[in-house]
Amino acid sequence: MLEIKNLEKVYPNGHHALKDITFSVPDGEFLVVIGLSGSGKSTMLRCINRLHDPTSGEILFNGVDTTKLKGATLRKMRSEIGMIFQHFNLIPRKTVMANVLSGNLSRTGILKSILGIYTPEDLERANKYIEIVGLKGKEKNRADNLSGGQQQRVSIARALMQNPKILLADEPVASLDPATSHSVMQYLKKVNEELGVTVICNLHFLSLVRQYAHRVVALKHGKLIYDGKPLEINEEWFKTIYGEDAVEVTIN
């Protein structure tokens with residue numbers, strides 16, 4: 001589904017964020033990206049959905065090089081790649097239902113979205129995804145009245161309204177407590193297994209990686225240094241990825 005070839009990203013200030021990144025992601029995989037803060041994880045996700053423009057290299061999404069897309073074809077590609085952020089990015093005063101329906105903006109249009117004009121099919125899908133993320137009964141609750149974990153689950157449902165082929169999750173549990181982190185990860189796993197959506201997720205905690213990832217890639221100083229199974233990350237690999245002084249923190 002996704003092939004990244006020789007991807008490079010150099011920012012205008014000269015920072016070389018990604019250096020010759022190459023790997024592929026098959027349809028239906030739950031891939032986790034790990035590495036220290038500043039290793040290039042977030043930059044890579046933002047290059048995949050073209051929030052950031054790569055400096056060079058190719059990103060092939062279903063065989064099409066997305067780095068060459070512009071205008072309507074770029075917008076169509078983005079509509080097939082959902083994105084979940086660390087800080088939820090919900091509209092606080094809007095209800096759960098309104099926030100989830102906003103994920104359909106590319107199809108509904110701005111005016112109809114502002115006026116709250118949605119088709120019965122849109123409403124049916126929104127209710128389906130709200131139920132999938134365990135928030136049935138909270139459709140009329142305001143987003144700012146929800147817990148952090150519940151807000152992140154709303155953002156998952158909102159992303160699903162796009163009918164994405166890939167779901168990108170950038171540190172989706174970094175702002176959450178350990179128990180809530182597992183809850184959110186379990187819903188991402190459910191989306192992957194039950195809906196068949198490919199997931200690429202940036203994470204810090206290896207305990208979560210080992211439990212949820214099919215495969216792991218690790219970045220360090222912008223370079224890909226590991227591509228393999230989560231359970232094969234032993235103490236030696238841990239030190240290589242995170243540094244000699246690093247100590248693993250476990251989320252139970």
# chains A, B, ... in the order shown; residues from 1 in each chain; ligands from 1
>>> residues_around(residues="Pro230 (chain A)", least_positions_apart="2", cutoff="12 Å", atoms="only C-alpha atoms", output="mmCIF file with N, CA, C and O atoms, in the first residue's frame")
data_model
loop_
_atom_site.group_PDB
_atom_site.id
_atom_site.type_symbol
_atom_site.label_atom_id
_atom_site.label_comp_id
_atom_site.auth_asym_id
_atom_site.auth_seq_id
_atom_site.Cartn_x
_atom_site.Cartn_y
_atom_site.Cartn_z
ATOM 1 N N PHE A 30 -0.209 -3.033 11.156
ATOM 2 C CA PHE A 30 -0.146 -2.080 12.262
ATOM 3 C C PHE A 30 1.341 -1.828 12.506
ATOM 4 O O PHE A 30 2.013 -2.592 13.182
ATOM 5 N N LEU A 31 1.840 -0.739 11.930
ATOM 6 C CA LEU A 31 3.257 -0.414 12.009
ATOM 7 C C LEU A 31 3.460 0.669 13.059
ATOM 8 O O LEU A 31 2.744 1.665 13.087
ATOM 9 N N VAL A 32 4.443 0.468 13.934
ATOM 10 C CA VAL A 32 4.777 1.473 14.935
ATOM 11 C C VAL A 32 6.165 2.035 14.642
ATOM 12 O O VAL A 32 7.095 1.287 14.314
ATOM 13 N N VAL A 33 6.278 3.352 14.743
ATOM 14 C CA VAL A 33 7.546 4.051 14.547
ATOM 15 C C VAL A 33 8.034 4.524 15.911
ATOM 16 O O VAL A 33 7.284 5.159 16.662
ATOM 17 N N ILE A 34 9.284 4.206 16.252
ATOM 18 C CA ILE A 34 9.831 4.596 17.542
ATOM 19 C C ILE A 34 11.110 5.417 17.346
ATOM 20 O O ILE A 34 11.662 5.467 16.252
ATOM 21 N N PHE A 205 6.647 4.285 24.230
ATOM 22 C CA PHE A 205 6.779 3.205 25.195
ATOM 23 C C PHE A 205 6.854 1.837 24.514
ATOM 24 O O PHE A 205 5.917 1.411 23.830
ATOM 25 N N LEU A 206 7.961 1.136 24.739
ATOM 26 C CA LEU A 206 8.146 -0.173 24.117
ATOM 27 C C LEU A 206 7.152 -1.202 24.627
ATOM 28 O O LEU A 206 6.822 -2.161 23.923
ATOM 29 N N SER A 207 6.665 -1.047 25.850
ATOM 30 C CA SER A 207 5.676 -1.994 26.369
ATOM 31 C C SER A 207 4.408 -1.954 25.525
ATOM 32 O O SER A 207 3.788 -2.998 25.262
ATOM 33 N N LEU A 208 4.017 -0.762 25.064
ATOM 34 C CA LEU A 208 2.871 -0.649 24.163
ATOM 35 C C LEU A 208 3.215 -1.183 22.780
ATOM 36 O O LEU A 208 2.401 -1.843 22.130
ATOM 37 N N VAL A 209 4.429 -0.894 22.331
ATOM 38 C CA VAL A 209 4.882 -1.355 21.016
ATOM 39 C C VAL A 209 4.807 -2.874 20.936
ATOM 40 O O VAL A 209 4.287 -3.444 19.965
ATOM 41 N N ARG A 210 5.318 -3.537 21.948
ATOM 42 C CA ARG A 210 5.355 -5.003 21.941
ATOM 43 C C ARG A 210 3.956 -5.607 21.953
ATOM 44 O O ARG A 210 3.739 -6.695 21.439
ATOM 45 N N GLN A 211 3.011 -4.895 22.553
ATOM 46 C CA GLN A 211 1.659 -5.433 22.666
ATOM 47 C C GLN A 211 0.816 -5.211 21.412
ATOM 48 O O GLN A 211 -0.024 -6.049 21.081
ATOM 49 N N TYR A 212 1.042 -4.093 20.708
ATOM 50 C CA TYR A 212 0.116 -3.723 19.634
ATOM 51 C C TYR A 212 0.705 -3.759 18.226
ATOM 52 O O TYR A 212 -0.043 -3.873 17.260
ATOM 53 N N ALA A 213 2.010 -3.643 18.083
ATOM 54 C CA ALA A 213 2.601 -3.529 16.746
ATOM 55 C C ALA A 213 2.776 -4.877 16.072
ATOM 56 O O ALA A 213 3.166 -5.857 16.711
ATOM 57 N N HIS A 214 2.496 -4.918 14.765
ATOM 58 C CA HIS A 214 2.895 -6.067 13.950
ATOM 59 C C HIS A 214 4.379 -5.975 13.616
ATOM 60 O O HIS A 214 5.070 -6.987 13.533
ATOM 61 N N ARG A 215 4.833 -4.739 13.445
ATOM 62 C CA ARG A 215 6.200 -4.485 13.000
ATOM 63 C C ARG A 215 6.640 -3.108 13.505
ATOM 64 O O ARG A 215 5.802 -2.251 13.770
ATOM 65 N N VAL A 216 7.935 -2.928 13.629
ATOM 66 C CA VAL A 216 8.484 -1.675 14.156
ATOM 67 C C VAL A 216 9.574 -1.164 13.233
ATOM 68 O O VAL A 216 10.397 -1.936 12.734
ATOM 69 N N VAL A 217 9.575 0.154 13.009
ATOM 70 C CA VAL A 217 10.749 0.811 12.430
ATOM 71 C C VAL A 217 11.220 1.850 13.436
ATOM 72 O O VAL A 217 10.400 2.486 14.116
ATOM 73 N N ALA A 218 12.533 2.009 13.567
ATOM 74 C CA ALA A 218 13.107 2.972 14.505
ATOM 75 C C ALA A 218 13.937 3.998 13.750
ATOM 76 O O ALA A 218 14.700 3.653 12.841
ATOM 77 N N TYR A 226 16.353 0.551 12.390
ATOM 78 C CA TYR A 226 15.795 -0.768 12.735
ATOM 79 C C TYR A 226 14.499 -0.971 11.969
ATOM 80 O O TYR A 226 13.682 -0.054 11.852
ATOM 81 N N ASP A 227 14.295 -2.169 11.464
ATOM 82 C CA ASP A 227 13.052 -2.553 10.791
ATOM 83 C C ASP A 227 12.843 -4.032 11.070
ATOM 84 O O ASP A 227 13.550 -4.883 10.524
ATOM 85 N N GLY A 228 11.908 -4.341 11.966
ATOM 86 C CA GLY A 228 11.726 -5.747 12.331
ATOM 87 C C GLY A 228 10.590 -5.955 13.307
ATOM 88 O O GLY A 228 9.716 -5.096 13.477
ATOM 89 N N GLU A 232 11.829 -8.547 18.920
ATOM 90 C CA GLU A 232 13.253 -8.706 18.645
ATOM 91 C C GLU A 232 14.079 -7.492 19.106
ATOM 92 O O GLU A 232 15.296 -7.467 18.940
ATOM 93 N N ILE A 233 13.400 -6.495 19.684
ATOM 94 C CA ILE A 233 14.120 -5.347 20.229
ATOM 95 C C ILE A 233 14.614 -5.722 21.627
ATOM 96 O O ILE A 233 13.896 -5.602 22.624
ATOM 97 N N ASN A 234 15.828 -6.219 21.693
ATOM 98 C CA ASN A 234 16.420 -6.635 22.962
ATOM 99 C C ASN A 234 17.121 -5.449 23.635
ATOM 100 O O ASN A 234 17.035 -4.316 23.169
ATOM 101 N N TRP A 237 19.507 -3.568 21.264
ATOM 102 C CA TRP A 237 18.811 -2.695 20.319
ATOM 103 C C TRP A 237 18.222 -1.483 21.035
ATOM 104 O O TRP A 237 18.227 -0.371 20.503
ATOM 105 N N PHE A 238 17.706 -1.682 22.247
ATOM 106 C CA PHE A 238 17.139 -0.577 23.007
ATOM 107 C C PHE A 238 18.194 0.512 23.226
ATOM 108 O O PHE A 238 17.923 1.702 23.027
#
>>> residues_around(residues="Arg153 (chain A)", least_positions_apart="5", cutoff="12 Å", atoms="only C-alpha atoms", output="number ranges by chain")
A: 84-90, 96, 99-100, 129-136, 138, 143, 146-148, 158-160, 169, 172-173, 176, 180-188, 190-191
>>> atom_distance(atom1="CA of Lys239 (chain A)", atom2="CA of Leu167 (chain A)")
29.2 Å
>>> select_by_dssp(residues="region 88-147 of chain A", states="helix (DSSP H, G or I)", output="PyMOL selection string")
chain A and resi 96-108+110-115+120-132+143-145
>>> write_last_selection(atoms="C-alpha atoms", output="PDB file, in the first residue's frame")
ATOM      1  CA  VAL A  96     -19.101  14.545  19.963  1.00  0.00           C
ATOM      2  CA  MET A  97     -21.371  14.056  16.949  1.00  0.00           C
ATOM      3  CA  ALA A  98     -20.451  17.437  15.429  1.00  0.00           C
ATOM      4  CA  ASN A  99     -16.738  16.763  15.858  1.00  0.00           C
ATOM      5  CA  VAL A 100     -17.012  13.322  14.274  1.00  0.00           C
ATOM      6  CA  LEU A 101     -19.059  14.657  11.345  1.00  0.00           C
ATOM      7  CA  SER A 102     -16.370  17.295  10.711  1.00  0.00           C
ATOM      8  CA  GLY A 103     -14.180  14.436   9.498  1.00  0.00           C
ATOM      9  CA  ASN A 104     -16.421  14.287   6.432  1.00  0.00           C
ATOM     10  CA  LEU A 105     -15.584  17.884   5.438  1.00  0.00           C
ATOM     11  CA  SER A 106     -13.855  16.932   2.182  1.00  0.00           C
ATOM     12  CA  ARG A 107     -17.083  15.347   0.934  1.00  0.00           C
ATOM     13  CA  THR A 108     -19.692  17.541   2.640  1.00  0.00           C
ATOM     14  CA  ILE A 110     -17.533  23.873   4.119  1.00  0.00           C
ATOM     15  CA  LEU A 111     -20.942  25.573   3.790  1.00  0.00           C
ATOM     16  CA  LYS A 112     -23.005  22.461   4.511  1.00  0.00           C
ATOM     17  CA  SER A 113     -20.681  21.593   7.371  1.00  0.00           C
ATOM     18  CA  ILE A 114     -21.122  25.065   8.931  1.00  0.00           C
ATOM     19  CA  LEU A 115     -24.896  24.816   8.533  1.00  0.00           C
ATOM     20  CA  PRO A 120     -28.769  10.244   6.564  1.00  0.00           C
ATOM     21  CA  GLU A 121     -25.835   8.137   5.365  1.00  0.00           C
ATOM     22  CA  ASP A 122     -23.358  10.558   7.001  1.00  0.00           C
ATOM     23  CA  LEU A 123     -25.251  10.383  10.290  1.00  0.00           C
ATOM     24  CA  GLU A 124     -25.441   6.595  10.121  1.00  0.00           C
ATOM     25  CA  ARG A 125     -21.693   6.315   9.557  1.00  0.00           C
ATOM     26  CA  ALA A 126     -20.932   8.787  12.360  1.00  0.00           C
ATOM     27  CA  ASN A 127     -23.067   6.768  14.780  1.00  0.00           C
ATOM     28  CA  LYS A 128     -21.300   3.593  13.667  1.00  0.00           C
ATOM     29  CA  TYR A 129     -17.832   5.002  14.338  1.00  0.00           C
ATOM     30  CA  ILE A 130     -18.877   6.548  17.660  1.00  0.00           C
ATOM     31  CA  GLU A 131     -20.036   3.090  18.722  1.00  0.00           C
ATOM     32  CA  ILE A 132     -16.826   1.462  17.457  1.00  0.00           C
ATOM     33  CA  ALA A 143     -15.937  17.623  23.608  1.00  0.00           C
ATOM     34  CA  ASP A 144     -14.525  19.735  26.460  1.00  0.00           C
ATOM     35  CA  ASN A 145     -16.625  17.770  28.958  1.00  0.00           C
TER      36      ASN A 145
END
>>> atom_distance(atom1="CA of Asn49 (chain A)", atom2="CA of Ser175 (chain A)")
22.7 Å
>>> closest_residue(among="A:Asp177, A:Asp20, A:Glu8, A:Asp245", to="Leu224 (chain A)", atoms="only C-alpha atoms")
A:Asp20
>>> select_by_dssp(residues="region 2-184 of chain A", states="strand (DSSP E or B)", output="ChimeraX atom specification")
/A:2-10,16-25,30-34,56-61,64-65,81-84,95,142,166-170
>>> closest_residue(among="A:Lys94, A:Lys229, A:Ile48, A:Lys5", to="Leu74 (chain A)", atoms="only C-alpha atoms")
A:Ile48
>>> atom_distance(atom1="CA of Phe61 (chain A)", atom2="CA of Ser155 (chain A)")
23.2 Å
>>> closest_residue(among="A:Ala157, A:Leu69, A:Val25, A:Lys140", to="Arg93 (chain A)", atoms="only C-alpha atoms")
A:Lys140
